[in-house]
file work.tsv (TSV, C-alpha atoms)
chain	number	residue	atom	x	y	z
A	1	MET	CA	195.48	106.46	113.47
A	2	ASP	CA	196.85	102.91	113.81
A	3	ARG	CA	195.52	100.21	111.52
A	4	THR	CA	192.99	97.80	112.97
A	5	HIS	CA	194.64	94.50	113.81
A	6	VAL	CA	192.37	91.46	113.69
A	7	LEU	CA	192.85	87.75	114.29
A	8	ILE	CA	190.52	85.35	112.44
A	9	VAL	CA	190.18	81.93	114.06
A	10	ASP	CA	188.44	79.26	111.97
A	11	ASP	CA	189.30	75.70	110.96
A	12	GLU	CA	187.62	76.35	107.57
A	13	GLN	CA	190.82	77.58	105.95
A	14	GLU	CA	189.30	78.68	102.62
A	15	PHE	CA	186.67	80.73	104.44
A	16	ALA	CA	189.14	82.33	106.84
A	17	SER	CA	191.64	83.13	104.08
A	18	ALA	CA	189.01	84.79	101.85
A	19	LEU	CA	187.68	86.78	104.81
A	20	ALA	CA	191.21	87.90	105.75
A	21	GLU	CA	191.97	88.96	102.19
A	22	ARG	CA	188.76	91.02	102.01
A	23	MET	CA	189.64	92.70	105.30
A	24	ARG	CA	193.11	93.53	103.99
A	25	THR	CA	191.62	95.21	100.90
A	26	ARG	CA	189.72	97.39	103.40
A	27	GLY	CA	192.94	98.41	105.12
A	28	LEU	CA	192.94	96.08	108.12
A	29	VAL	CA	195.83	93.90	109.25
A	30	ALA	CA	194.35	90.39	109.40
A	31	ASP	CA	196.13	87.36	110.88
A	32	LEU	CA	194.91	83.79	110.68
A	33	ALA	CA	194.72	80.89	113.10
A	34	PHE	CA	193.22	77.57	112.04
A	35	SER	CA	192.92	76.05	115.52
A	36	GLY	CA	192.22	77.12	119.07
A	37	LYS	CA	195.76	76.31	120.15
A	38	ASP	CA	197.25	78.42	117.36
A	39	ALA	CA	194.92	81.29	118.32
A	40	ILE	CA	196.05	81.22	121.97
A	41	ASP	CA	199.71	81.33	120.92
A	42	ARG	CA	198.97	84.36	118.76
A	43	VAL	CA	197.13	86.37	121.43
A	44	LYS	CA	200.04	85.73	123.81
A	45	ASN	CA	202.35	87.58	121.43
A	46	THR	CA	200.15	90.22	119.80
A	47	ASN	CA	197.69	92.84	121.02
A	48	TYR	CA	194.70	92.47	118.70
A	49	HIS	CA	191.94	95.06	118.48
A	50	ALA	CA	189.50	92.22	117.78
A	51	VAL	CA	189.39	88.45	117.39
A	52	VAL	CA	186.84	86.81	115.08
A	53	LEU	CA	186.27	83.32	116.44
A	54	ASP	CA	184.28	80.42	114.97
A	55	LEU	CA	182.45	78.38	117.59
A	56	ALA	CA	182.38	75.00	115.87
A	57	MET	CA	185.97	73.83	115.60
A	58	PRO	CA	187.38	70.34	116.02
A	59	GLY	CA	189.63	69.73	119.02
A	60	MET	CA	189.52	72.82	121.19
A	61	ASP	CA	186.12	74.32	120.39
A	62	GLY	CA	185.17	78.00	120.29
A	63	ILE	CA	184.07	78.27	123.93
A	64	GLN	CA	187.23	76.59	125.21
A	65	THR	CA	189.35	78.81	122.97
A	66	LEU	CA	187.47	81.90	124.19
A	67	ASN	CA	188.08	80.99	127.84
A	68	ALA	CA	191.77	80.33	127.23
A	69	MET	CA	192.26	83.56	125.26
A	70	LEU	CA	190.51	85.63	127.93
A	71	ALA	CA	192.75	84.00	130.53
A	72	VAL	CA	195.73	85.35	128.58
A	73	ASN	CA	194.20	88.80	128.02
A	74	SER	CA	190.93	89.61	129.81
A	75	ASP	CA	190.49	92.81	127.74
A	76	LEU	CA	190.43	90.93	124.45
A	77	GLN	CA	187.39	91.78	122.27
A	78	VAL	CA	186.14	88.54	120.74
A	79	ILE	CA	183.45	88.41	118.07
A	80	ILE	CA	181.91	84.96	117.82
A	81	LEU	CA	180.67	83.40	114.57
A	82	THR	CA	177.94	80.80	115.01
A	83	GLY	CA	175.79	78.57	112.85
A	84	GLN	CA	172.02	79.05	113.04
A	85	ALA	CA	171.54	76.00	115.24
A	86	THR	CA	174.21	77.15	117.68
A	87	VAL	CA	172.87	80.64	118.40
A	88	SER	CA	172.31	79.60	122.03
A	89	LYS	CA	176.05	78.87	122.21
A	90	GLY	CA	176.70	82.37	120.88
A	91	VAL	CA	174.64	83.77	123.74
A	92	GLU	CA	176.57	81.55	126.17
A	93	ALA	CA	179.85	82.90	124.72
A	94	VAL	CA	178.73	86.50	125.27
A	95	LYS	CA	177.87	85.63	128.87
A	96	LYS	CA	181.39	84.23	129.21
A	97	GLY	CA	182.95	87.48	128.05
A	98	ALA	CA	182.74	87.60	124.24
A	99	PHE	CA	182.08	91.06	122.83
A	100	GLU	CA	179.35	90.08	120.33
A	101	PHE	CA	178.20	87.22	118.15
A	102	LEU	CA	177.14	86.99	114.51
A	103	GLU	CA	175.42	84.24	112.58
A	104	LYS	CA	177.13	82.52	109.66
A	105	PRO	CA	177.10	83.14	106.68
A	106	VAL	CA	178.40	86.48	107.77
A	107	ASN	CA	177.88	89.79	106.00
A	108	LEU	CA	181.24	91.54	105.80
A	109	ASN	CA	179.82	95.03	106.35
A	110	ALA	CA	178.05	93.87	109.52
A	111	LEU	CA	181.27	92.22	110.70
A	112	MET	CA	183.32	95.37	109.94
A	113	GLU	CA	180.88	97.39	112.05
A	114	LYS	CA	181.34	95.03	114.99
A	115	ILE	CA	185.12	95.14	114.55
A	116	ASP	CA	185.04	98.97	114.65
A	117	LYS	CA	183.04	98.86	117.87
A	118	ALA	CA	185.37	96.23	119.32
A	119	LYS	CA	188.35	98.41	118.48
A	120	SER	CA	186.77	101.45	120.21
A	121	ARG	CA	186.05	99.34	123.28
A	122	SER	CA	189.59	97.95	123.23
A	123	SER	CA	191.02	101.51	123.04
A	124	GLU	CA	188.76	102.67	125.87
A	125	LEU	CA	189.92	99.80	128.08
A	126	SER	CA	193.59	100.49	127.29
A	127	GLU	CA	193.10	104.16	128.10
A	128	THR	CA	191.35	103.38	131.38
A	129	LYS	CA	194.12	100.95	132.29
A	130	MET	CA	196.76	103.53	131.46
A	131	ASN	CA	195.00	106.22	133.55
A	132	ASP	CA	194.68	103.81	136.47
A	133	MET	CA	198.37	103.02	136.23
A	134	ILE	CA	199.33	106.71	136.16
A	135	GLU	CA	197.05	107.42	139.11
A	136	GLU	CA	198.60	104.51	141.01
A	137	ILE	CA	202.14	105.79	140.35
A	138	VAL	CA	201.16	109.33	141.34
A	139	LYS	CA	199.61	108.02	144.55
A	140	ARG	CA	202.55	105.74	145.36
A	141	ARG	CA	205.09	108.51	144.91
A	142	GLY	CA	202.99	111.06	146.76
A	143	TRP	CA	203.02	113.59	143.90
B	1	MET	CA	163.74	53.53	97.03
B	2	ARG	CA	160.44	55.34	96.45
B	3	LYS	CA	160.58	58.66	94.71
B	4	ASN	CA	158.08	61.47	94.96
B	5	ASP	CA	157.78	63.43	91.73
B	6	GLY	CA	156.25	66.36	93.58
B	7	THR	CA	152.83	65.95	92.03
B	8	SER	CA	151.52	63.17	94.25
B	9	ASN	CA	149.48	63.77	97.35
B	10	ASN	CA	150.44	60.43	98.77
B	11	VAL	CA	152.76	61.59	101.54
B	12	GLY	CA	152.44	58.56	103.77
B	13	GLU	CA	150.98	57.89	107.15
B	14	PHE	CA	152.39	58.55	110.61
B	15	PRO	CA	156.15	58.37	110.72
B	16	ASP	CA	157.75	55.26	112.18
B	17	ARG	CA	160.10	56.92	114.65
B	18	THR	CA	162.67	54.12	114.76
B	19	GLY	CA	165.15	55.66	112.32
B	20	LEU	CA	164.20	59.29	112.76
B	21	PRO	CA	166.88	60.34	115.28
B	22	PHE	CA	169.48	58.90	112.90
B	23	VAL	CA	168.06	60.75	109.88
B	24	GLY	CA	167.75	63.93	111.93
B	25	ARG	CA	171.30	63.68	113.25
B	26	ILE	CA	172.88	63.13	109.85
B	27	THR	CA	170.77	65.83	108.20
B	28	GLY	CA	171.49	68.32	110.99
B	29	SER	CA	175.22	67.65	110.78
B	30	VAL	CA	175.30	67.96	106.98
B	31	THR	CA	173.45	71.28	107.13
B	32	HIS	CA	176.33	72.63	109.27
B	33	GLU	CA	178.80	71.44	106.67
B	34	LEU	CA	176.73	72.97	103.86
B	35	SER	CA	176.52	76.21	105.78
B	36	ASN	CA	180.34	76.28	105.87
B	37	VAL	CA	180.45	75.65	102.12
B	38	ILE	CA	177.99	78.50	101.46
B	39	SER	CA	179.91	80.82	103.80
B	40	THR	CA	183.12	80.14	101.89
B	41	ILE	CA	181.50	80.64	98.46
B	42	GLU	CA	179.99	83.90	99.72
B	43	GLN	CA	183.35	85.23	100.92
B	44	VAL	CA	185.19	84.15	97.76
B	45	ALA	CA	182.50	85.81	95.60
B	46	GLY	CA	182.80	88.90	97.81
B	47	LEU	CA	186.56	88.84	97.30
B	48	LEU	CA	186.04	88.70	93.52
B	49	ALA	CA	183.70	91.72	93.73
B	50	ASP	CA	186.24	93.58	95.90
B	51	LEU	CA	189.02	92.90	93.38
B	52	VAL	CA	186.88	94.13	90.48
B	53	GLU	CA	186.04	97.24	92.48
B	54	THR	CA	189.65	98.06	93.22
B	55	ASN	CA	191.13	97.16	89.83
B	56	PRO	CA	190.73	100.04	87.35
B	57	VAL	CA	192.54	98.41	84.42
B	58	LEU	CA	189.92	95.83	83.41
B	59	GLU	CA	188.83	96.11	79.78
B	60	ASP	CA	185.51	97.75	78.89
B	61	GLY	CA	182.48	95.67	79.70
B	62	LEU	CA	184.40	93.16	81.79
B	63	THR	CA	183.89	95.07	85.03
B	64	ALA	CA	180.12	95.09	84.53
B	65	ARG	CA	180.08	91.39	83.65
B	66	LEU	CA	182.14	90.44	86.70
B	67	HIS	CA	179.85	92.54	88.90
B	68	ASP	CA	176.87	90.76	87.41
B	69	ILE	CA	178.46	87.35	88.03
B	70	SER	CA	179.29	88.10	91.66
B	71	GLY	CA	175.73	89.42	92.14
B	72	ARG	CA	174.34	86.15	90.74
B	73	ILE	CA	176.55	84.11	93.09
B	74	GLU	CA	175.40	86.26	96.00
B	75	ARG	CA	171.72	85.72	95.18
B	76	GLN	CA	172.22	81.95	94.97
B	77	THR	CA	174.14	81.82	98.26
B	78	GLU	CA	171.30	83.75	99.91
B	79	ARG	CA	168.84	81.21	98.49
B	80	GLY	CA	171.01	78.34	99.71
B	81	THR	CA	171.37	79.90	103.15
B	82	VAL	CA	167.59	80.05	103.62
B	83	LEU	CA	167.14	76.43	102.51
B	84	ILE	CA	169.96	75.15	104.71
B	85	ARG	CA	168.62	77.06	107.71
B	86	GLU	CA	165.15	75.61	107.19
B	87	LEU	CA	166.49	72.10	106.57
B	88	ASN	CA	168.46	72.35	109.80
B	89	PHE	CA	165.30	73.41	111.65
B	90	PHE	CA	163.39	70.53	110.05
B	91	SER	CA	166.08	68.01	111.03
B	92	HIS	CA	165.50	68.87	114.69
B	93	LEU	CA	161.71	68.37	114.56
B	94	SER	CA	162.17	64.68	115.34
B	95	ASP	CA	164.27	65.36	118.46
B	96	LYS	CA	161.26	65.07	120.80
B	97	GLU	CA	157.95	63.28	120.41
B	98	SER	CA	156.22	65.87	122.56
B	99	ALA	CA	157.30	69.45	123.01
B	100	GLU	CA	156.05	72.97	123.50
B	101	PHE	CA	156.84	74.90	120.32
B	102	ASP	CA	155.86	77.85	118.17
B	103	LEU	CA	153.44	76.65	115.50
B	104	THR	CA	154.21	79.61	113.22
B	105	GLU	CA	157.85	78.45	112.99
B	106	VAL	CA	156.79	74.97	111.88
B	107	VAL	CA	154.32	76.36	109.32
B	108	ARG	CA	156.92	78.77	107.93
B	109	ASN	CA	159.44	75.92	107.78
B	110	ILE	CA	157.15	73.56	105.87
B	111	ALA	CA	155.97	76.37	103.55
B	112	VAL	CA	159.61	77.13	102.60
B	113	LEU	CA	160.58	73.46	102.21
B	114	SER	CA	157.47	72.74	100.11
B	115	ARG	CA	158.16	75.50	97.59
B	116	ARG	CA	159.66	73.06	95.11
B	117	PHE	CA	156.52	70.91	95.18
B	118	ALA	CA	154.54	74.05	94.34
B	119	ASN	CA	157.00	75.15	91.65
B	120	LEU	CA	156.77	71.78	89.91
B	121	GLN	CA	153.03	72.38	89.60
B	122	LYS	CA	153.62	76.01	88.53
B	123	LYS	CA	151.97	77.20	91.72
B	124	GLU	CA	153.02	79.30	94.67
B	125	ILE	CA	152.75	79.05	98.46
B	126	LEU	CA	152.13	82.23	100.44
B	127	THR	CA	152.12	82.61	104.23
B	128	THR	CA	150.25	85.04	106.43
B	129	GLY	CA	149.77	85.54	110.15
B	130	LEU	CA	153.18	84.20	111.13
B	131	GLU	CA	154.39	87.40	112.80
B	132	HIS	CA	153.47	86.45	116.37
B	133	ASP	CA	154.34	83.27	118.26
B	134	VAL	CA	151.52	80.75	118.66
B	135	MET	CA	152.68	78.20	121.20
B	136	ILE	CA	151.24	74.70	121.20
B	137	GLU	CA	152.19	71.42	122.84
B	138	SER	CA	152.29	68.41	120.53
B	139	ASP	CA	154.56	66.25	118.37
B	140	PRO	CA	156.46	68.81	116.21
B	141	LEU	CA	157.27	66.33	113.45
B	142	MET	CA	153.72	65.04	113.10
B	143	ILE	CA	152.32	68.56	113.17
B	144	SER	CA	154.73	69.44	110.37
B	145	GLN	CA	153.46	66.44	108.41
B	146	LEU	CA	149.90	67.57	109.03
B	147	VAL	CA	150.73	71.04	107.65
B	148	PHE	CA	152.48	69.44	104.68
B	149	ASN	CA	149.49	67.17	103.90
B	150	ALA	CA	147.09	70.11	104.09
B	151	LEU	CA	149.37	72.13	101.80
B	152	MET	CA	149.60	69.28	99.28
B	153	ILE	CA	145.82	69.01	99.16
B	154	GLY	CA	145.62	72.78	98.71
B	155	LEU	CA	148.19	72.66	95.91
B	156	GLN	CA	146.44	69.79	94.17
B	157	GLY	CA	143.18	71.66	94.18
B	158	ALA	CA	144.52	75.07	93.28
B	159	GLU	CA	144.02	76.43	89.82
B	160	SER	CA	147.24	76.95	87.92
B	161	ALA	CA	149.05	80.20	88.80
B	162	GLU	CA	146.76	80.73	91.80
B	163	PRO	CA	148.64	80.94	95.10
B	164	VAL	CA	147.93	78.65	98.02
B	165	THR	CA	147.87	80.58	101.26
B	166	VAL	CA	148.68	79.10	104.64
B	167	ALA	CA	147.93	81.06	107.79
B	168	VAL	CA	148.04	80.56	111.56
B	169	THR	CA	145.52	82.17	113.88
B	170	LYS	CA	144.91	81.89	117.57
B	171	CYS	CA	141.38	81.85	118.88
B	172	ASP	CA	140.67	81.35	122.58
B	173	GLN	CA	143.21	78.72	123.53
B	174	HIS	CA	143.21	76.89	120.20
B	175	ALA	CA	145.57	77.44	117.30
B	176	THR	CA	144.21	77.11	113.78
B	177	ILE	CA	146.16	76.45	110.59
B	178	THR	CA	144.23	77.45	107.49
B	179	VAL	CA	145.15	76.48	103.94
B	180	ASN	CA	143.27	78.39	101.29
B	181	SER	CA	143.22	78.09	97.52
B	182	LYS	CA	141.03	78.93	94.57
B	183	THR	CA	140.14	75.48	93.36
B	184	SER	CA	139.09	73.85	90.17
B	185	ILE	CA	138.65	70.30	91.47
B	186	GLY	CA	135.68	70.65	93.80
B	187	SER	CA	136.11	68.74	97.05
B	188	PRO	CA	139.58	67.60	98.08
B	189	HIS	CA	140.98	64.32	96.84
B	190	LEU	CA	139.37	61.63	98.97
B	191	GLU	CA	142.48	59.55	99.77
B	192	ALA	CA	144.56	62.61	100.71
B	193	SER	CA	141.72	63.99	102.77
B	194	GLU	CA	141.30	60.71	104.67
B	195	SER	CA	145.04	60.58	105.35
B	196	LEU	CA	144.88	64.11	106.74
B	197	GLN	CA	141.91	63.18	108.93
B	198	ARG	CA	143.72	60.14	110.36
B	199	LEU	CA	146.85	62.13	111.12
B	200	ALA	CA	144.76	64.87	112.75
B	201	ALA	CA	142.91	62.33	114.88
B	202	GLU	CA	146.24	60.93	116.08
B	203	LEU	CA	147.27	64.44	117.11
B	204	LYS	CA	143.88	65.27	118.65
B	205	CYS	CA	143.37	68.00	116.06
B	206	GLU	CA	140.13	68.75	114.24
B	207	VAL	CA	140.10	69.08	110.45
B	208	GLU	CA	137.44	70.87	108.48
B	209	SER	CA	137.57	71.18	104.73
B	210	ASN	CA	135.06	72.77	102.44
B	211	VAL	CA	134.74	74.30	99.03
B	212	VAL	CA	132.71	77.46	98.87
B	213	THR	CA	132.32	79.33	95.58
B	214	GLY	CA	135.35	77.61	94.11
B	215	GLU	CA	137.54	78.26	97.13
B	216	LEU	CA	139.05	75.33	99.03
B	217	ARG	CA	139.56	75.96	102.72
B	218	ILE	CA	141.18	73.43	105.04
B	219	SER	CA	141.24	74.33	108.72
B	220	VAL	CA	143.19	72.37	111.26
B	221	LYS	CA	142.39	73.22	114.86
B	222	CYS	CA	145.16	72.25	117.29
B	223	PRO	CA	144.41	71.62	120.96
B	224	PRO	CA	145.60	74.12	123.55
B	225	ARG	CA	148.77	73.72	125.58
B	226	ARG	CA	148.26	71.53	128.63
B	227	SER	CA	149.40	74.36	130.90
B	228	THR	CA	146.75	76.74	129.51
B	229	ALA	CA	144.01	74.12	129.21
B	230	GLU	CA	144.14	73.14	132.86

call {"tool": "encode", "arguments": {"input": "work.tsv", "output": "structure tokens"}}
result
Amino acid sequence: MDRTHVLIVDDEQEFASALAERMRTRGLVADLAFSGKDAIDRVKNTNYHAVVLDLAMPGMDGIQTLNAMLAVNSDLQVIILTGQATVSKGVEAVKKGAFEFLEKPVNLNALMEKIDKAKSRSSELSETKMNDMIEEIVKRRGW
Amino acid sequence: MRKNDGTSNNVGEFPDRTGLPFVGRITGSVTHELSNVISTIEQVAGLLADLVETNPVLEDGLTARLHDISGRIERQTERGTVLIRELNFFSHLSDKESAEFDLTEVVRNIAVLSRRFANLQKKEILTTGLEHDVMIESDPLMISQLVFNALMIGLQGAESAEPVTVAVTKCDQHATITVNSKTSIGSPHLEASESLQRLAAELKCEVESNVVTGELRISVKCPPRRSTAE
């Protein structure tokens, strides 16, 4: 089975780095982006099973980053991290297409569970897409 | 600047709202920053625990000590998280002078934020009846001050090591906050009691306090929501 590939997007570099290192000790491949712009560049070039995205970032905020990432890849599974006072923004993000949201400070086991679910969903979507493509080819060629 | 040593009941009169949005804004913003600090400490402590877990060559006794240390950090970050969350909630109480809100949330908030005042007097605050929403329409900040004043009177009267209990009940359309303590001082301190009465009158609440068989009971009856009263 392929290793779970995750992108962590947070301007709090110490937090993101520690989280990434803990994920790596659990066998995941974890990349880092410290800004929305950096995150968008990364999703253009890599197929992530899940993206962990902080909502409160300077410059391009979490919601703007989410929208831009989904414009690049609409199947992307994004897990939002919110502060307690921004839970309503987490709900808004889910309405806009995020997979789930979690409150900060985040429990790693709870986050790992969400990442597993996001990966399953991502695999399901890829499979469905692949089947649709095969069906389309079969139809087009009259097989 | 005036300091409160945590033993005084003199908690002031009605807040002058002029600077409150400023105080609320700064406090709210700093709680976000503190939350980020706590999140980082939590992950770094978790990383330390992970490394101990996966490193079999540590000398005897060191593994257990490092586990103990990371457990202590975790407990303190949990404590900090609760306080920051409640301080953030408190910072938003001054956002609106009149609002519809859940009274149990305000009571829980003030009970948590007043723990230190209780600890300094070697006493404890307990809460009951906060499981279900009790919606009222009033000034959230002033209601919180009312709860705080009632709690301070309860704490002042309580015998050492006896808990002070604060509860919220709903009867008909009214909400009632009750502060209960086993007391050794007889009737509540006059000045504090008068201050509570004035604040209650401003908020159109009714206050009743009595001492029966050594038990101090302060009840604050809040008016119903306008929508349900009409």

call {"tool": "residues_around", "arguments": {"input": "work.tsv", "residues": "Lys96 of chain B", "least_positions_apart": "5", "cutoff": "9 Å", "atoms": "only C-alpha atoms", "output": "PyMOL selection string"}}
result
chain B and resi 139-141

call {"tool": "write_last_selection", "arguments": {"input": "work.tsv", "atoms": "C-alpha atoms", "output": "mmCIF file, in the frame of the given file"}}
result
data_model
loop_
_atom_site.group_PDB
_atom_site.id
_atom_site.type_symbol
_atom_site.label_atom_id
_atom_site.label_comp_id
_atom_site.auth_asym_id
_atom_site.auth_seq_id
_atom_site.Cartn_x
_atom_site.Cartn_y
_atom_site.Cartn_z
ATOM 1 C CA ASP B 139 154.560 66.250 118.370
ATOM 2 C CA PRO B 140 156.460 68.810 116.210
ATOM 3 C CA LEU B 141 157.270 66.330 113.450
#

call {"tool": "atom_distance", "arguments": {"input": "work.tsv", "atom1": "atom CA of Met23 of chain A", "atom2": "atom CA of Val44 of chain B"}}
result
12.2 Å

call {"tool": "residues_around", "arguments": {"input": "work.tsv", "residues": "segment 119-130 of chain B", "least_positions_apart": "5", "cutoff": "8 Å", "atoms": "all atoms listed in the file", "output": "compact mmCIF listing (two decimals) with C-alpha atoms, keeping the file's coordinate frame"}}
result
# COMPACT_ATOMS: atom_id res chain seq x y z
CA GLY B 6 156.25 66.36 93.58
CA THR B 7 152.83 65.95 92.03
CA THR B 104 154.21 79.61 113.22
CA GLU B 105 157.85 78.45 112.99
CA ARG B 108 156.92 78.77 107.93
CA ALA B 111 155.97 76.37 103.55
CA LEU B 155 148.19 72.66 95.91
CA ALA B 158 144.52 75.07 93.28
CA SER B 160 147.24 76.95 87.92
CA ALA B 161 149.05 80.20 88.80
CA GLU B 162 146.76 80.73 91.80
CA PRO B 163 148.64 80.94 95.10
CA VAL B 164 147.93 78.65 98.02
CA THR B 165 147.87 80.58 101.26
CA VAL B 166 148.68 79.10 104.64
CA ALA B 167 147.93 81.06 107.79
CA VAL B 168 148.04 80.56 111.56
CA THR B 169 145.52 82.17 113.88

call {"tool": "residues_near_point", "arguments": {"input": "work.tsv", "point": "(139.9, 69.7, 109.0)", "cutoff": "6 Å", "atoms": "all atoms listed in the file", "output": "count of residues only"}}
result
7

call {"tool": "residues_near_point", "arguments": {"input": "work.tsv", "point": "(183.0, 87.8, 133.2)", "cutoff": "12 Å", "atoms": "all atoms listed in the file", "output": "list in words"}}
result
Leu66, Asn67, Leu70, Ala71, Ser74, Asp75, Leu76, Glu92, Ala93, Val94, Lys95, Lys96, Gly97, Ala98 and Phe99 of chain A

call {"tool": "residues_around", "arguments": {"input": "work.tsv", "residues": "Ala18 of chain A", "least_positions_apart": "6", "cutoff": "8 Å", "atoms": "all atoms listed in the file", "output": "PyMOL selection string"}}
result
chain B and resi 40+43-44+47

call {"tool": "interface_residues", "arguments": {"input": "work.tsv", "of": "chain A", "to": "chain B", "cutoff": "9 Å", "atoms": "all atoms listed in the file", "output": "PyMOL selection string"}}
result
chain A and resi 12+14-16+18-19+21-22+25+83-85+104-108

call {"tool": "closest_residue", "arguments": {"input": "work.tsv", "among": "B:Arg65, B:Arg198, B:Lys170, B:Arg17", "to": "Ile136 of chain B", "atoms": "all atoms listed in the file"}}
result
B:Lys170

call {"tool": "closest_residue", "arguments": {"input": "work.tsv", "among": "B:Ile177, B:Ile73, B:Leu196, B:Val112", "to": "Ile153 of chain B", "atoms": "all atoms listed in the file"}}
result
B:Leu196

call {"tool": "atom_distance", "arguments": {"input": "work.tsv", "atom1": "atom CA of Glu53 of chain B", "atom2": "atom CA of His67 of chain B"}}
result
8.6 Å
